[in-house]
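Participant: Contents of target16.txt (compact mmCIF, C-alpha atoms and all ligand atoms) are given next:
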# COMPACT_ATOMS: atom_id res chain seq x y z
CA MET A 26 56.21 64.33 94.69
CA THR A 27 53.76 61.44 94.59
CA ASP A 28 50.44 61.37 92.82
CA SER A 29 48.09 60.32 95.61
CA SER A 30 45.13 59.98 93.24
CA ARG A 31 46.91 57.13 91.33
CA PRO A 32 46.23 53.68 92.80
CA VAL A 33 49.40 51.96 93.94
CA GLU A 34 49.81 48.61 92.19
CA PRO A 35 50.96 45.78 94.44
CA LEU A 36 54.09 43.97 93.26
CA TYR A 37 52.28 40.68 93.52
CA CYS A 38 48.57 40.17 93.51
CA PRO A 39 47.46 36.65 94.30
CA SER A 40 44.43 36.91 92.07
CA GLN A 41 44.40 34.38 89.24
CA GLY A 42 44.70 36.97 86.46
CA GLN A 43 47.89 38.45 87.94
CA GLU A 44 49.41 35.02 88.43
CA CYS A 45 48.72 34.23 84.80
CA LEU A 46 50.42 37.43 83.70
CA ALA A 47 53.46 36.69 85.85
CA GLN A 48 53.62 33.18 84.41
CA GLN A 49 53.48 34.54 80.86
CA GLU A 50 56.24 37.03 81.59
CA LEU A 51 58.36 34.28 83.11
CA THR A 52 57.84 32.04 80.08
CA ALA A 53 58.75 34.90 77.72
CA LEU A 54 61.85 35.64 79.78
CA ARG A 55 62.89 31.97 79.73
CA GLU A 56 62.43 31.91 75.95
CA GLN A 57 64.59 35.02 75.61
CA VAL A 58 67.32 33.48 77.74
CA ALA A 59 67.20 30.22 75.72
CA SER A 60 67.35 32.17 72.46
CA LEU A 61 70.33 34.22 73.67
CA ALA A 62 72.11 31.04 74.80
CA GLU A 63 71.51 29.52 71.36
CA GLN A 64 72.83 32.65 69.63
CA ALA A 65 75.98 32.48 71.73
CA HIS A 66 76.69 29.03 70.28
CA THR A 67 75.59 29.62 66.69
CA ASP A 68 77.46 31.03 63.72
CA ALA A 69 75.37 33.95 62.45
CA LEU A 70 76.16 33.41 58.75
CA THR A 71 75.72 29.66 58.32
CA GLY A 72 73.47 28.75 61.26
CA VAL A 73 75.74 25.88 62.35
CA TYR A 74 77.57 25.84 65.69
CA ASN A 75 80.37 28.35 66.18
CA TYR A 76 83.96 28.01 67.36
CA ARG A 77 83.01 28.54 71.02
CA HIS A 78 80.61 25.61 70.82
CA PHE A 79 83.21 23.54 68.98
CA ARG A 80 85.72 23.78 71.83
CA GLN A 81 83.09 23.03 74.46
CA ALA A 82 81.60 20.07 72.55
CA LEU A 83 85.01 18.57 71.75
CA SER A 84 86.12 18.92 75.36
CA ASP A 85 82.91 17.15 76.51
CA GLU A 86 83.43 14.36 73.99
CA ILE A 87 87.07 13.86 75.03
CA GLU A 88 85.92 13.56 78.62
CA ARG A 89 83.38 10.96 77.54
CA VAL A 90 86.08 8.97 75.70
CA GLN A 91 88.18 8.96 78.85
CA ARG A 92 85.21 7.61 80.83
CA THR A 93 83.85 5.09 78.32
CA GLY A 94 86.81 4.23 76.08
CA GLN A 95 84.64 4.80 73.00
CA PRO A 96 86.32 6.13 69.85
CA LEU A 97 86.12 9.76 68.78
CA ALA A 98 87.17 11.39 65.52
CA LEU A 99 87.60 14.96 64.37
CA VAL A 100 87.42 16.17 60.77
CA LEU A 101 88.54 19.63 59.65
CA ALA A 102 87.26 20.70 56.24
CA ASP A 103 88.38 23.74 54.30
CA VAL A 104 87.04 25.21 51.03
CA ASP A 105 89.63 25.08 48.24
CA HIS A 106 90.67 28.34 46.56
CA PHE A 107 87.97 30.31 48.35
CA LYS A 108 89.85 33.58 47.90
CA ALA A 109 89.71 33.08 44.13
CA PHE A 110 85.96 32.38 44.40
CA ASN A 111 85.44 35.62 46.34
CA ASP A 112 87.60 37.55 43.89
CA THR A 113 85.65 36.21 40.91
CA TYR A 114 82.07 36.20 42.18
CA GLY A 115 82.14 38.70 45.05
CA HIS A 116 82.07 38.48 48.83
CA GLU A 117 78.25 38.19 49.03
CA GLN A 118 78.26 35.21 46.71
CA GLY A 119 81.07 33.81 48.86
CA ASN A 120 78.79 34.11 51.88
CA ARG A 121 76.00 32.31 50.04
CA LEU A 122 78.45 29.58 49.14
CA LEU A 123 79.45 29.12 52.79
CA LYS A 124 75.77 28.84 53.76
CA ALA A 125 75.14 26.27 51.02
CA LEU A 126 78.20 24.28 52.07
CA ALA A 127 77.06 24.22 55.69
CA GLU A 128 73.70 22.83 54.54
CA GLN A 129 75.32 20.16 52.39
CA LEU A 130 77.76 19.13 55.13
CA SER A 131 75.00 18.96 57.68
CA CYS A 132 72.77 16.74 55.52
CA GLN A 133 75.64 14.26 55.18
CA LEU A 134 75.96 13.78 58.94
CA ARG A 135 74.21 11.84 61.70
CA ARG A 136 72.19 13.66 64.36
CA LEU A 137 74.82 13.09 67.02
CA ASP A 138 77.66 14.47 64.87
CA VAL A 139 78.56 18.08 65.60
CA LEU A 140 79.12 20.47 62.70
CA CYS A 141 80.75 23.80 63.53
CA ARG A 142 82.14 26.71 61.61
CA PHE A 143 85.73 26.68 62.72
CA GLY A 144 86.43 30.09 61.21
CA GLY A 145 86.53 31.76 57.77
CA GLU A 146 86.01 29.05 55.17
CA GLU A 147 86.82 26.17 57.52
CA PHE A 148 84.42 23.75 59.20
CA ALA A 149 84.96 21.22 61.99
CA ILE A 150 83.02 17.99 62.35
CA ILE A 151 83.09 16.07 65.63
CA LEU A 152 82.22 12.40 65.11
CA PRO A 153 81.43 10.74 68.45
CA GLY A 154 81.75 6.94 68.68
CA THR A 155 83.64 6.88 65.37
CA ALA A 156 86.97 5.15 64.80
CA LEU A 157 89.60 6.61 62.48
CA ASN A 158 88.92 4.34 59.47
CA LEU A 159 85.19 5.05 59.60
CA ALA A 160 85.84 8.79 59.96
CA GLN A 161 88.02 8.60 56.85
CA THR A 162 85.17 6.92 54.95
CA VAL A 163 82.74 9.63 56.14
CA ALA A 164 85.11 12.44 55.10
CA GLU A 165 85.69 10.79 51.72
CA ARG A 166 81.92 10.48 51.17
CA ILE A 167 81.41 14.16 52.04
CA ARG A 168 84.32 15.24 49.84
CA ALA A 169 82.86 13.37 46.82
CA HIS A 170 79.38 14.76 47.55
CA ILE A 171 80.58 18.38 47.66
CA ALA A 172 82.74 18.00 44.56
CA ARG A 173 79.81 16.87 42.40
CA GLN A 174 77.24 19.25 43.89
CA LYS A 175 75.89 22.36 42.19
CA LEU A 176 75.91 24.54 45.27
CA LEU A 177 74.43 27.79 43.96
CA ASP A 178 71.62 28.04 41.40
CA ASP A 179 73.08 31.08 39.69
CA CYS A 180 76.73 30.04 39.67
CA ASP A 181 78.46 27.25 37.78
CA ALA A 182 81.71 27.35 39.74
CA GLN A 183 83.04 23.94 40.68
CA VAL A 184 83.82 23.94 44.39
CA SER A 185 85.82 21.38 46.34
CA MET A 186 86.99 20.95 49.92
CA SER A 187 90.07 19.44 51.55
CA PHE A 188 89.84 17.33 54.70
CA GLY A 189 92.09 16.45 57.63
CA VAL A 190 91.05 13.58 59.90
CA ALA A 191 92.36 12.54 63.32
CA SER A 192 91.09 10.40 66.15
CA PHE A 193 91.42 10.62 69.91
CA LYS A 194 92.39 7.65 72.00
CA PRO A 195 92.14 7.47 75.81
CA GLU A 196 95.85 6.60 76.02
CA ASN A 197 96.78 9.85 74.23
CA LEU A 198 97.88 12.81 76.28
CA GLY A 199 96.43 16.19 75.50
CA GLY A 200 92.95 17.37 74.71
CA VAL A 201 91.09 19.75 72.44
CA THR A 202 94.15 21.67 71.23
CA GLU A 203 96.27 18.61 70.51
CA LEU A 204 93.50 16.75 68.64
CA THR A 205 92.69 19.87 66.63
CA GLU A 206 96.37 20.28 65.75
CA LEU A 207 96.55 16.67 64.57
CA ALA A 208 93.56 17.14 62.26
CA ASP A 209 94.90 20.51 61.10
CA LYS A 210 98.24 18.96 60.13
CA GLN A 211 96.38 16.51 57.94
CA LEU A 212 94.32 19.29 56.41
CA TYR A 213 97.56 21.08 55.58
CA ARG A 214 98.86 17.88 53.94
CA ALA A 215 95.65 17.60 51.89
CA LYS A 216 96.17 21.17 50.64
CA GLU A 217 99.82 20.50 49.85
CA GLN A 218 99.01 17.33 47.96
CA GLY A 219 96.72 19.18 45.56
CA ARG A 220 93.43 19.79 47.49
CA ASN A 221 90.04 18.07 47.02
CA ARG A 222 91.29 15.14 49.11
CA VAL A 223 91.21 13.55 52.55
CA CYS A 224 94.37 13.04 54.63
CA VAL A 225 94.40 10.98 57.81
CA ALA A 226 96.57 11.00 60.94
CA GLU A 227 97.71 7.38 61.02
CA ASP A 228 97.56 5.53 64.32
CA GLY A 229 101.37 5.36 64.36
CA LEU A 230 101.52 9.16 64.43
CA HIS A 231 99.35 9.24 67.56
CA LYS A 232 101.54 6.74 69.34
CA ALA A 233 104.80 8.34 68.25
CA GLU A 234 103.59 11.75 69.38
CA SER A 235 102.12 10.73 72.70
CA VAL A 236 103.71 9.34 75.82
CA THR A 237 101.68 7.54 78.50
CA HIS A 238 101.87 8.57 82.16
CA GLU A 239 103.82 5.39 82.92
CA GLU A 240 106.34 6.05 80.11
CA LYS A 241 106.72 9.63 81.34
CA ALA A 242 107.41 8.43 84.91
CA VAL A 243 110.08 5.98 83.68
CA LEU A 244 111.71 8.70 81.54
CA PHE A 245 111.83 11.15 84.45
CA ALA A 246 113.27 8.44 86.76
CA MET A 247 115.99 7.72 84.17
CA LEU A 248 116.80 11.44 83.86
CA ARG A 249 117.03 11.77 87.66
CA ASP A 250 119.36 8.75 87.85
CA ASP A 251 121.59 10.22 85.10
CA ASP A 252 121.68 13.51 86.96
CA GLN A 253 122.73 11.85 90.21
CA ASP A 254 125.42 9.79 88.42
CA GLU A 255 126.85 13.00 86.93
CA HIS A 256 127.03 14.67 90.36
CA GLN A 257 128.76 11.65 91.89
CA GLU A 258 131.44 11.56 89.15
N1 LIG A 301 82.78 35.64 51.56
C1 LIG A 301 83.47 35.34 52.66
N2 LIG A 301 84.80 35.18 52.58
C2 LIG A 301 85.47 34.85 53.70
C3 LIG A 301 84.83 34.70 54.94
N3 LIG A 301 85.77 34.35 55.85
C4 LIG A 301 86.94 34.30 55.20
N4 LIG A 301 86.79 34.59 53.89
C5 LIG A 301 87.79 34.67 52.84
O1 LIG A 301 88.30 33.38 52.58
C6 LIG A 301 89.54 33.54 51.90
C7 LIG A 301 90.48 32.46 52.36
O2 LIG A 301 91.64 32.58 51.60
P1 LIG A 301 92.89 31.65 51.81
O3 LIG A 301 93.15 31.46 53.27
O4 LIG A 301 93.98 32.22 50.98
O5 LIG A 301 92.47 30.24 51.29
P2 LIG A 301 92.00 29.75 49.86
O6 LIG A 301 91.96 30.83 48.84
O7 LIG A 301 90.72 29.01 50.06
O8 LIG A 301 93.15 28.76 49.46
P3 LIG A 301 93.38 27.28 49.97
O9 LIG A 301 92.74 27.15 51.32
O10 LIG A 301 94.87 27.15 50.05
O11 LIG A 301 92.78 26.38 48.96
C8 LIG A 301 90.05 34.95 52.23
O12 LIG A 301 90.03 35.69 51.04
C9 LIG A 301 89.02 35.49 53.21
O13 LIG A 301 88.76 36.86 53.03
C10 LIG A 301 83.42 34.92 54.99
O14 LIG A 301 82.76 34.81 56.03
N5 LIG A 301 82.79 35.24 53.83
Is it possible to express this structure as structure tokens?
Ligand SMILES: Nc1nc2c(ncn2[C@@H]2O[C@H](COP(=O)(O)OP(=O)(O)OP(=O)(O)O)[C@@H](O)[C@H]2O)c(=O)[nH]1
Facilitator:
Amino acid sequence: MTDSSRPVEPLYCPSQGQECLAQQELTALREQVASLAEQAHTDALTGVYNYRHFRQALSDEIERVQRTGQPLALVLADVDHFKAFNDTYGHEQGNRLLKALAEQLSCQLRRLDVLCRFGGEEFAIILPGTALNLAQTVAERIRAHIARQKLLDDCDAQVSMSFGVASFKPENLGGVTELTELADKQLYRAKEQGRNRVCVAEDGLHKAESVTHEEKAVLFAMLRDDDQDEHQE
């Protein structure tokens, strides 16, 4: 049943007031969409970028390296003995520590660097246009900064972080996963060697672990030749 006494509102009224209202609604909607998009890329606890954003940003940067030949470095940073911190001071205080660390890391970086929470107590820092030796210097500076910082007003715990650094070169095969693994290996070494230190994937490691397209083609040709020789014998 319809209420015939109620005036039917047109979907669109070309009077100025209606247009204004529609414009306001559109603006509000756009803001909501932008805010949702931002949330999808932000870590809720620390406010830095999340893992999803990390993979996207690193992939974009690798593509840029392949186009421009500019250097690119990745740093993985992990809080030392964070479980012990949580056990001693509580999970909430652990959360506050992660927030404080994200702030300290971020204030040590340039605007174009990308700081992300990689997961748990681990952060990733993408350093565009940065060669390996410079990335090592940056990681070392951050390490020293964190180690001497009083991170929480109400807690005297001394906190340190370990760092793994790797760089991407256009001649390397692989992408996001391979570069992340390289940095992660170095982070593991830093932990093994006693923590609160920076370990770096030497250039030699890149070259030894990667094979160019040309080298691959030669290797396959050699294998095919061997195969044919075996069949002929
Ligand atoms: N408070 C808090 N704790 C977290 C969060 N994410 C992960 N953790 C804790 O971080 C701890 C990480 O422990 P481990 O992986 O053993 O590492 P660790 O104690 O830092 O030891 P090393 O890395 O070897 O120095 C675990 O106890 C997790 O529960 C978080 O968002 N908040």
Participant: Please identify every polymer residue within 6 Å of ligand LIG 301 (chain A), using all atoms listed in the file, and present the set as a ChimeraX atom specification.
Facilitator: /A:104-109,111,116-117,119-120,145-146
Participant: Work out how far apart CA of Gln211 in chain A and CA of Ala191 in chain A are and give it in Å to one decimal.
Facilitator: 7.8 Å
Participant: Show which residues sit within 9 Å of Thr202 in chain A, as a list in words. Count all atoms listed in the file, and ignore same-chain residues fewer than 4 positions away.
Facilitator: Arg80, Glu206 and Leu207 of chain A
Participant: As an exercise, work out the distance from CA of Lys124 in chain A to CA of Leu97 in chain A in Å and give it to one decimal place.
Facilitator: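 Answer for the CA of Lys124 in chain A to CA of Leu97 in chain A separation: 26.4 Å.
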Participant: Between CA of Leu83 in chain A and CA of Asp209 in chain A, what is the spacing in Å?
Facilitator: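 Calculated distance between CA of Asp209 in chain A and CA of Leu83 in chain A is 14.7 Å.
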Participant: Just the residues within 12 Å of Asp181 in chain A, please, counting all atoms listed in the file, with nothing from its chain fewer than 6 positions along; format it as a CSV table (one decimal) with C-alpha atoms, keeping the file's coordinate frame.
Facilitator:
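What follows is the written file part-v9.csv:
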chain,number,residue,atom,x,y,z
A,110,PHE,CA,86.0,32.4,44.4
A,113,THR,CA,85.6,36.2,40.9
A,114,TYR,CA,82.1,36.2,42.2
A,118,GLN,CA,78.3,35.2,46.7
A,122,LEU,CA,78.4,29.6,49.1
A,173,ARG,CA,79.8,16.9,42.4
A,174,GLN,CA,77.2,19.2,43.9
A,175,LYS,CA,75.9,22.4,42.2
Participant: Would you please work out which residue, of A:Leu130, A:Ala156, A:Leu70, A:Val139, is nearest to Gly94 in chain A when using all atoms listed in the file?
Facilitator: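 Among A:Leu130, A:Ala156, A:Leu70, A:Val139, it is A:Ala156 that comes nearest to Gly94 in chain A.
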Participant: From the set A:Ala82, A:Ala53, A:Val190, A:Leu126, which residue has the shortest atom-to-atom contact distance to Glu147 in chain A, counting all atoms listed in the file?
Facilitator: A:Leu126
Participant: Just the residues within 10 Å of Asn75 in chain A, please, counting all atoms listed in the file, with nothing from its chain fewer than 3 positions along; format it as a short mmCIF file (atom, residue, chain, number, x, y, z; two decimals) with C-alpha atoms, in the coordinates of the input.
Facilitator:
data_model
loop_
_atom_site.label_atom_id
_atom_site.label_comp_id
_atom_site.auth_asym_id
_atom_site.auth_seq_id
_atom_site.Cartn_x
_atom_site.Cartn_y
_atom_site.Cartn_z
CA GLN A 64 72.83 32.65 69.63
CA ALA A 65 75.98 32.48 71.73
CA HIS A 66 76.69 29.03 70.28
CA THR A 67 75.59 29.62 66.69
CA ASP A 68 77.46 31.03 63.72
CA ALA A 69 75.37 33.95 62.45
CA LEU A 70 76.16 33.41 58.75
CA THR A 71 75.72 29.66 58.32
CA GLY A 72 73.47 28.75 61.26
CA HIS A 78 80.61 25.61 70.82
CA PHE A 79 83.21 23.54 68.98
CA ARG A 80 85.72 23.78 71.83
CA LEU A 140 79.12 20.47 62.70
CA CYS A 141 80.75 23.80 63.53
CA ARG A 142 82.14 26.71 61.61
CA PHE A 143 85.73 26.68 62.72
CA GLY A 144 86.43 30.09 61.21
CA PHE A 148 84.42 23.75 59.20
CA ALA A 149 84.96 21.22 61.99
#
Participant: Which is closest to Ala125 in chain A among A:Val184, A:Ala226, A:Ala59, A:Leu204, if we use all atoms listed in the file?
Facilitator: A:Val184
Participant: Assuming 4 Å of padding per side, give the centre and edge lengths of the axis-aligned box around every listed atom of range 45-60 of chain A, in Å to one decimal and as JSON.
Facilitator:
{"center_x": 58.0, "center_y": 33.8, "center_z": 79.2, "size_x": 26.6, "size_y": 15.2, "size_z": 21.4}
Participant: I'd like the neighbourhood of Arg220 in chain A as a list in words, where a residue qualifies if any of its atoms comes within 12 Å (using all atoms listed in the file), though same-chain residues fewer than 2 positions away should be ignored.
Facilitator: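 Residues meeting the cut-off are Ala102, Asp103, Val104, Asp105, His106, Phe107, Arg168, Ala172, Val184, Ser185, Met186, Ser187, Phe188, Gly189, Gln211, Leu212, Tyr213, Arg214, Ala215, Lys216, Glu217, Gln218, Arg222, Val223 and Cys224 of chain A.
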Participant: Pull C-alpha atoms from the residues just selected and write them as a compact mmCIF listing (two decimals), in the coordinates of the input.
Facilitator:
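Result saved to part36.txt:
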# COMPACT_ATOMS: atom_id res chain seq x y z
CA ALA A 102 87.26 20.70 56.24
CA ASP A 103 88.38 23.74 54.30
CA VAL A 104 87.04 25.21 51.03
CA ASP A 105 89.63 25.08 48.24
CA HIS A 106 90.67 28.34 46.56
CA PHE A 107 87.97 30.31 48.35
CA ARG A 168 84.32 15.24 49.84
CA ALA A 172 82.74 18.00 44.56
CA VAL A 184 83.82 23.94 44.39
CA SER A 185 85.82 21.38 46.34
CA MET A 186 86.99 20.95 49.92
CA SER A 187 90.07 19.44 51.55
CA PHE A 188 89.84 17.33 54.70
CA GLY A 189 92.09 16.45 57.63
CA GLN A 211 96.38 16.51 57.94
CA LEU A 212 94.32 19.29 56.41
CA TYR A 213 97.56 21.08 55.58
CA ARG A 214 98.86 17.88 53.94
CA ALA A 215 95.65 17.60 51.89
CA LYS A 216 96.17 21.17 50.64
CA GLU A 217 99.82 20.50 49.85
CA GLN A 218 99.01 17.33 47.96
CA ARG A 222 91.29 15.14 49.11
CA VAL A 223 91.21 13.55 52.55
CA CYS A 224 94.37 13.04 54.63
Participant: Could you check the closest approach to Arg89 in chain A for each of A:Pro153, A:Ile171, A:Val225, A:Glu196 and tell me which residue wins, using only C-alpha atoms?
Facilitator: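 Answer, going by the shortest atom-to-atom distance: A:Pro153.
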Participant: Which residue is closest to Glu165 in chain A? Choose from A:Ala182, A:Cys132, A:Val100, A:Leu137 and count all atoms listed in the file.
Facilitator: A:Val100
